[in-house]
Amino acid sequence: MKDELAGALAAEEAAIWAYGLIGVHLPNQGEQNRARAAEDAHRVLRDDLVEQVAALKASTSPTPAGYELPFPVEDRAGALKLAIHIEDGVAQAWRVVLPVTEGTARTDALAAMTASAVRATRWRRIAAVTPLALAFPGRPEA
Amino acid sequence: MLTDVVRMTTRRRMLQATGAMVGAVTLSGCGLFDDDPEPAPEPDALQPVLDEAVALAAAYDRVALLQPAMAETLSTLAGNHRQHATELARVIGTTVPSAAPSASAATGGDDTVAGLKKAEQSGQRTAVAACKAAPAERAMLVGSIAAGRATHIEALR
């Protein structure tokens, strides 16, 4: 379980970092607000995970000095694409927590996974990307 | 005289034998229904999730006919439910049921986008509960289906 939670923590850290960049490239106030709300949600989950991982006495990998972007982000289109990419990634990281947890812990992991999947669909709708909804959110694409 | 006795005895025996056979038939006939039933297989815990996926796909098809402007989105989401049904049937070890009997159950007859959203919410609750109760090897599939139903509500906004 340590590895899976550490993976979720890494994904949440990456999301927080990415939303800082995404916000810069969103010209529209409403979209910026959505990005900020998403970043806040990821911070809550991150803080929670830091405690859980510490309780398991798992060694947290040091925060990397910098993240590499999967593609250049220079405008609104790139920012929206990154937001979709990052939320899909967070959903994937939480999905593998499901089989190693039970009861409330599993329901919490599913809630975090679902929140990211729903945000990914919302960003797809805003970016007019189809399909709006993946068949199996959190499943890595083959 | 002797032959008559023999004949009567034989006849009585035959009647007894027939009676015994009738009894046996009756007993085994009863047994089919009460005494010795094949234990009805427990329905799989994921069967309700599968039935909902089939009913939801059918509901999207109906609404798509009534809302041509949204037909593309609706048919994508219907396709997601069909993929869910296929995988659930595989995991359960059954076939995808026909939509006919429970087709209108998903929306309760409310074949509108609002009706679909309500049906997705209810379906999400079923899938979340099923994910919580599922053995580890099924948790990811059912979790993805629960999350998928939630994203459908967002896609219908």
# chains A, B, ... in the order shown; residues from 1 in each chain; ligands from 1
call {"tool": "select_by_dssp", "arguments": {"residues": "range 72-119 of chain A", "states": "helix (DSSP H, G or I)", "output": "ChimeraX atom specification"}}
result
/A:76-95,98-100,103-119
call {"tool": "interface_residues", "arguments": {"of": "chain A", "to": "chain B", "cutoff": "6 Å", "atoms": "only C-alpha atoms", "output": "PyMOL selection string"}}
result
chain A and resi 98-99+103+114+118+135-137
call {"tool": "residues_around", "arguments": {"residues": "Glu31 in chain A", "least_positions_apart": "6", "cutoff": "10 Å", "atoms": "only C-alpha atoms", "output": "VMD selection string"}}
result
chain A and resid 22 to 23 25 37 76 80 123 126
call {"tool": "closest_residue", "arguments": {"among": "B:Leu50, B:Ala58, B:Ala40, B:Ala127", "to": "Leu88 in chain B", "atoms": "only C-alpha atoms"}}
result
B:Leu50
call {"tool": "closest_residue", "arguments": {"among": "A:Ala91, A:Ile86, A:Ala112, A:Ala14", "to": "Val44 in chain A", "atoms": "only C-alpha atoms"}}
result
A:Ala112
